[in-house]
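Colleague: This is structure-v9.cif, which holds mmCIF, C-alpha atoms:
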```cif
data_my_file
#
loop_
_atom_site.label_atom_id
_atom_site.label_comp_id
_atom_site.auth_asym_id
_atom_site.auth_seq_id
_atom_site.Cartn_x
_atom_site.Cartn_y
_atom_site.Cartn_z
CA MET A 1 61.40 85.77 -12.97
CA ARG A 2 63.81 84.16 -15.39
CA SER A 3 64.67 85.71 -18.72
CA PRO A 4 63.53 84.02 -21.97
CA ALA A 5 67.20 83.37 -22.84
CA HIS A 6 67.70 81.50 -19.55
CA VAL A 7 64.57 79.41 -20.15
CA ALA A 8 65.64 78.62 -23.74
CA LEU A 9 69.09 77.57 -22.51
CA THR A 10 67.49 75.28 -19.92
CA TRP A 11 65.36 73.61 -22.63
CA LEU A 12 68.43 73.22 -24.85
CA ARG A 13 70.29 71.53 -22.00
CA LEU A 14 67.33 69.17 -21.40
CA ALA A 15 67.19 68.29 -25.10
CA CYS A 16 70.94 67.56 -25.15
CA ALA A 17 70.61 65.40 -22.04
CA ALA A 18 67.75 63.46 -23.65
CA LEU A 19 69.81 62.99 -26.81
CA TRP A 20 72.80 61.81 -24.79
CA LEU A 21 70.61 59.38 -22.81
CA ALA A 22 68.95 58.01 -25.94
CA THR A 23 72.34 57.55 -27.62
CA GLY A 24 73.54 55.52 -24.66
CA LEU A 25 70.36 53.45 -24.65
CA GLY A 26 70.60 52.94 -28.41
CA ALA A 27 74.15 51.62 -28.02
CA GLN A 28 72.76 48.92 -25.73
CA THR A 29 70.92 47.35 -28.67
CA LEU A 30 74.23 45.90 -29.96
CA GLU A 31 73.71 46.87 -33.57
CA GLY A 32 75.07 44.28 -35.97
CA THR A 33 74.49 41.27 -33.73
CA GLY A 34 71.09 40.52 -35.24
CA PRO A 35 67.61 41.07 -33.87
CA PRO A 36 66.87 40.12 -30.30
CA PRO A 37 65.04 36.80 -29.75
CA ASP A 38 61.64 38.48 -29.36
CA GLY A 39 62.16 40.56 -32.53
CA PHE A 40 61.74 43.92 -30.78
CA THR A 41 64.47 46.45 -30.13
CA TRP A 42 63.50 49.36 -27.90
CA ARG A 43 64.76 52.54 -29.53
CA PRO A 44 63.80 55.90 -28.01
CA SER A 45 63.90 58.86 -30.38
CA PRO A 46 64.76 62.33 -29.06
CA GLY A 47 63.78 65.27 -31.19
CA VAL A 48 62.99 68.92 -31.64
CA ARG A 49 59.86 70.60 -32.87
CA ALA A 50 58.67 74.01 -33.98
CA GLY A 51 55.15 75.15 -34.49
CA PHE A 52 52.57 77.87 -34.60
CA ASP A 53 49.46 78.39 -32.47
CA TYR A 54 47.21 79.61 -35.25
CA ARG A 55 44.37 80.48 -32.88
CA ASN A 56 46.49 82.86 -30.77
CA GLN A 57 49.05 83.80 -33.48
CA ALA A 58 52.05 82.57 -31.46
CA PRO A 59 55.15 80.61 -32.56
CA SER A 60 56.58 77.79 -30.45
CA VAL A 61 59.73 75.68 -30.14
CA GLY A 62 60.30 72.57 -28.07
CA ALA A 63 61.86 69.18 -27.51
CA LEU A 64 60.39 65.69 -27.24
CA LEU A 65 61.34 62.09 -26.53
CA HIS A 66 59.39 59.47 -28.53
CA LEU A 67 59.24 56.22 -26.50
CA PRO A 68 57.72 53.21 -28.33
CA VAL A 69 55.62 50.77 -26.31
CA PRO A 70 57.05 47.22 -26.72
CA GLY A 71 54.82 44.95 -28.76
CA LEU A 72 52.19 47.60 -29.58
CA PRO A 73 51.77 50.21 -32.34
CA ALA A 74 51.77 52.87 -29.61
CA ALA A 75 54.14 55.37 -28.04
CA VAL A 76 54.48 57.64 -25.03
CA THR A 77 55.99 61.01 -25.89
CA PRO A 78 56.90 63.49 -23.17
CA GLY A 79 57.78 66.96 -24.44
CA GLY A 80 58.12 70.58 -23.55
CA ASP A 81 57.54 73.76 -25.51
CA LEU A 82 58.05 77.48 -25.23
CA VAL A 83 55.15 79.43 -26.71
CA PHE A 84 55.98 83.04 -27.56
CA GLN A 85 52.84 85.08 -26.94
CA ASP A 86 52.89 88.86 -27.37
CA GLY A 87 55.28 89.96 -24.58
CA LEU A 88 54.94 86.64 -22.69
CA THR A 89 56.76 83.33 -23.00
CA GLU A 90 54.54 80.47 -21.88
CA ARG A 91 56.00 77.12 -20.89
CA GLN A 92 54.04 73.95 -21.53
CA VAL A 93 54.83 70.33 -20.76
CA THR A 94 52.95 67.47 -22.45
CA VAL A 95 52.85 63.70 -22.10
CA ASP A 96 51.16 62.17 -25.13
CA VAL A 97 50.00 58.59 -25.53
CA THR A 98 49.50 57.83 -29.21
CA VAL A 99 48.42 54.91 -31.34
CA ASP A 100 49.90 54.53 -34.83
CA ILE A 101 47.40 53.50 -37.51
CA GLY A 102 49.24 53.20 -40.82
CA GLY A 103 51.53 56.19 -40.26
CA ILE A 104 48.77 58.33 -38.72
CA GLN A 105 49.08 58.88 -34.99
CA LEU A 106 46.07 59.67 -32.84
CA GLY A 107 46.18 60.38 -29.13
CA GLY A 108 46.48 62.88 -26.37
CA GLY A 109 47.26 63.25 -22.72
CA PRO A 110 47.84 65.67 -19.87
CA VAL A 111 49.41 69.09 -20.29
CA ALA A 112 50.74 71.60 -17.76
CA LEU A 113 50.92 75.25 -18.78
CA ASN A 114 52.89 77.92 -16.93
CA SER A 115 51.46 81.29 -17.91
CA VAL A 116 49.62 84.38 -16.70
CA PHE A 117 45.94 83.54 -16.30
CA THR A 118 44.67 86.66 -14.50
CA ASP A 119 45.07 90.43 -14.80
CA ASP A 120 47.40 90.66 -11.79
CA GLY A 121 50.40 89.51 -13.88
CA GLU A 122 51.38 86.61 -11.60
CA ARG A 123 52.60 83.43 -13.28
CA GLU A 124 51.04 80.15 -12.25
CA SER A 125 50.83 76.61 -13.57
CA LYS A 126 47.58 74.90 -14.46
CA ALA A 127 46.81 71.44 -15.79
CA GLY A 128 44.69 70.52 -18.76
CA TYR A 129 44.60 68.09 -21.65
CA THR A 130 45.66 67.84 -25.26
CA PHE A 131 44.48 65.89 -28.31
CA LEU A 132 46.57 65.36 -31.41
CA ALA A 133 46.59 63.87 -34.88
CA ALA A 134 49.91 63.48 -36.66
CA LEU A 135 51.51 62.10 -39.78
CA ARG A 136 54.77 60.35 -38.86
CA GLY A 137 57.44 59.02 -41.19
CA GLN A 138 60.78 57.34 -40.62
CA ALA A 139 63.70 57.08 -43.08
CA GLY A 140 66.51 55.22 -41.39
CA ARG A 141 67.51 57.09 -38.26
CA LEU A 142 65.69 60.32 -39.12
CA GLY A 143 61.99 60.71 -38.38
CA THR A 144 59.61 63.53 -39.23
CA GLU A 145 56.19 64.36 -37.90
CA LEU A 146 53.54 66.86 -38.94
CA GLU A 147 51.27 67.36 -35.97
CA PHE A 148 47.94 69.05 -35.36
CA ARG A 149 47.43 69.66 -31.63
CA TRP A 150 44.54 71.03 -29.59
CA VAL A 151 45.44 72.20 -26.06
CA ARG A 152 42.85 73.09 -23.43
CA VAL A 153 44.01 74.55 -20.10
CA ALA A 154 41.57 76.46 -17.88
CA GLU A 155 40.03 79.15 -20.08
CA LEU A 156 42.85 78.98 -22.66
CA ASP A 157 42.27 77.12 -25.91
CA SER A 158 45.21 76.73 -28.31
CA ARG A 159 45.48 75.01 -31.67
CA PHE A 160 48.93 74.20 -32.99
CA ILE A 161 50.41 72.93 -36.19
CA MET A 162 53.92 71.57 -35.49
CA LEU A 163 56.79 70.03 -37.42
CA ALA A 164 59.08 67.68 -35.49
CA PHE A 165 62.34 65.96 -36.35
CA THR A 166 63.53 62.94 -34.37
CA TRP A 167 66.70 60.90 -34.43
CA THR A 168 66.70 57.19 -33.58
CA PRO A 169 70.15 55.97 -32.51
CA GLY A 170 70.80 52.32 -33.30
CA ALA A 171 68.20 52.17 -36.07
CA PRO A 172 69.40 50.81 -39.40
CA ALA A 173 70.63 53.57 -41.67
CA SER A 174 68.55 54.19 -44.77
CA PRO A 175 70.03 52.67 -47.93
CA ARG A 176 72.14 55.02 -50.01
CA PRO A 177 70.80 55.78 -53.49
CA PHE A 178 74.23 55.22 -55.13
#
```
Once more with this new file: its structure as structure tokens, please.

Modeller:
Amino acid sequence: MRSPAHVALTWLRLACAALWLATGLGAQTLEGTGPPPDGFTWRPSPGVRAGFDYRNQAPSVGALLHLPVPGLPAAVTPGGDLVFQDGLTERQVTVDVTVDIGGIQLGGGPVALNSVFTDDGERESKAGYTFLAALRGQAGRLGTELEFRWVRVAELDSRFIMLAFTWTPGAPASPRPF
């Protein structure tokens, strides 16, 4: 069994790799050369999030990669979180498909949770689903999201409130006030 520090370091490495990948992809947009002929520039946004499972009284931290769907007000967002239960660190992976309706995102998708589900203390992974509603805002390259998430895996039912920050490389910088 790996220590919580080892797991946290692994997630940090994955978040850095996602940020590095998104930076390289953002550089491919050739900022300053004008919009592409179809008017759409694909800009993935890596980010971090922190939250609290208010049903089970457990904090969480994680990383995400917001991937817009070309031509639609939708996105696919894979992410992973560590949920710190009393004496147990659960690992969950989500893939959300969301639709943006005026800054409000609605959606959901599959979730995999690695936890202890029985009294024998053995860890196992089980699949389930998640629904979410979020308020998302973007100011230049920095995005924020306030998210309400319901996760259902086997007999476990979690309800999270999360705050996420994303960075969009290649996006126009917000205008300076002075």

Colleague: Rounded to one decimal place, report the CA of Pro68 (chain A)-CA of Glu147 (chain A) distance in Å.

Modeller: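 Taking CA of Pro68 (chain A) as the start and CA of Glu147 (chain A) as the end point, the length is 17.3 Å.
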
Colleague: Given the file shown, enumerate the residues that the PyMOL selection byres ((chain A and resi 138-145) around 6) captures and present them as a list of chain:residue names.

Modeller: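 Evaluating the PyMOL selection byres ((chain A and resi 138-145) around 6) on these coordinates yields A:Leu135, A:Arg136, A:Gly137, A:Leu146, A:Leu163, A:Ala164, A:Phe165, A:Thr166, A:Trp167, A:Thr168, A:Ala171, A:Pro172, A:Ala173, A:Ser174.
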
Colleague: Pick from A:Leu82, A:Tyr129, A:Val95, A:Gly47: nearest to Asp157 (chain A), with all atoms listed in the file counted?

Modeller: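 Nearest to Asp157 (chain A): A:Tyr129.
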
Colleague: Excluding Ala63 (chain A) and residues on its chain fewer than 5 positions from it, collect all residues at most 6 Å away from it, counting only C-alpha atoms, and give them as an NGL selection string.

Modeller: :A and (15 or 47-49 or 79-80)

Colleague: Could you take the residues named above and write them with C-alpha atoms, as an mmCIF file, keeping the file's coordinate frame?

Modeller:
```cif
data_model
loop_
_atom_site.group_PDB
_atom_site.id
_atom_site.type_symbol
_atom_site.label_atom_id
_atom_site.label_comp_id
_atom_site.auth_asym_id
_atom_site.auth_seq_id
_atom_site.Cartn_x
_atom_site.Cartn_y
_atom_site.Cartn_z
ATOM 1 C CA ALA A 15 67.190 68.290 -25.100
ATOM 2 C CA GLY A 47 63.780 65.270 -31.190
ATOM 3 C CA VAL A 48 62.990 68.920 -31.640
ATOM 4 C CA ARG A 49 59.860 70.600 -32.870
ATOM 5 C CA GLY A 79 57.780 66.960 -24.440
ATOM 6 C CA GLY A 80 58.120 70.580 -23.550
#
```

Colleague: Find the residue from A:Ala58, A:Val97, A:Ala50, A:Val111 that sits nearest to Leu72 (chain A); use only C-alpha atoms when measuring.

Modeller: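 Counting only C-alpha atoms, the residue closest to Leu72 (chain A) is A:Val97.
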
Colleague: Name the closest residue to Val99 (chain A) among the candidates A:Ala133, A:Leu64, A:Ala74, A:Ala127; distances are taken between atoms, counting only C-alpha atoms.

Modeller: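 The closest residue to Val99 (chain A) is A:Ala74.
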
Colleague: Nearest to Leu156 (chain A): which of A:Thr77, A:Gln105, A:Ser115, A:Ser45 is it, counting only C-alpha atoms?

Modeller: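 When distances to Leu156 (chain A) are compared using only C-alpha atoms, the smallest one comes from A:Ser115.
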
Colleague: Would you mind reading off the distance between CA of Ile161 (chain A) and CA of Pro70 (chain A), one decimal, in Å?

Modeller: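 Between CA of Ile161 (chain A) and CA of Pro70 (chain A) the gap works out to 28.2 Å.
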
Colleague: I'd like the interatomic distance between CA of Pro169 (chain A) and CA of Thr98 (chain A), to a tenth of an Å.

Modeller: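 These two atoms are separated by 21.0 Å.
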
Colleague: Which one is closest to Arg159 (chain A): A:Arg91, A:Arg55, A:Lys126, A:His66? Count only C-alpha atoms.

Modeller: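 When distances to Arg159 (chain A) are compared using only C-alpha atoms, the smallest one comes from A:Arg55.
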
Colleague: If the PyMOL selection byres ((chain A and resi 130) around 7) were run on this exact file, what residues would it hold? Put them as an NGL selection string.

Modeller: :A and (108-111 or 129 or 131-132 or 149-152)

Colleague: Write out as a CSV table (one decimal) with C-alpha atoms, keeping the file's coordinate frame which residues come within 12 Å of Phe117 (chain A) when counting only C-alpha atoms, dropping same-chain ones fewer than 3 positions away.

Modeller:
```csv
chain,number,residue,atom,x,y,z
A,88,LEU,CA,54.9,86.6,-22.7
A,90,GLU,CA,54.5,80.5,-21.9
A,113,LEU,CA,50.9,75.2,-18.8
A,114,ASN,CA,52.9,77.9,-16.9
A,120,ASP,CA,47.4,90.7,-11.8
A,121,GLY,CA,50.4,89.5,-13.9
A,122,GLU,CA,51.4,86.6,-11.6
A,123,ARG,CA,52.6,83.4,-13.3
A,124,GLU,CA,51.0,80.2,-12.2
A,125,SER,CA,50.8,76.6,-13.6
A,126,LYS,CA,47.6,74.9,-14.5
A,153,VAL,CA,44.0,74.6,-20.1
A,154,ALA,CA,41.6,76.5,-17.9
A,155,GLU,CA,40.0,79.2,-20.1
A,156,LEU,CA,42.8,79.0,-22.7
```

Colleague: Which residue out of A:Pro78, A:Thr118, A:Pro59, A:Gly71 has the minimum interatomic distance to Pro46 (chain A) when all atoms listed in the file are used?

Modeller: A:Pro78
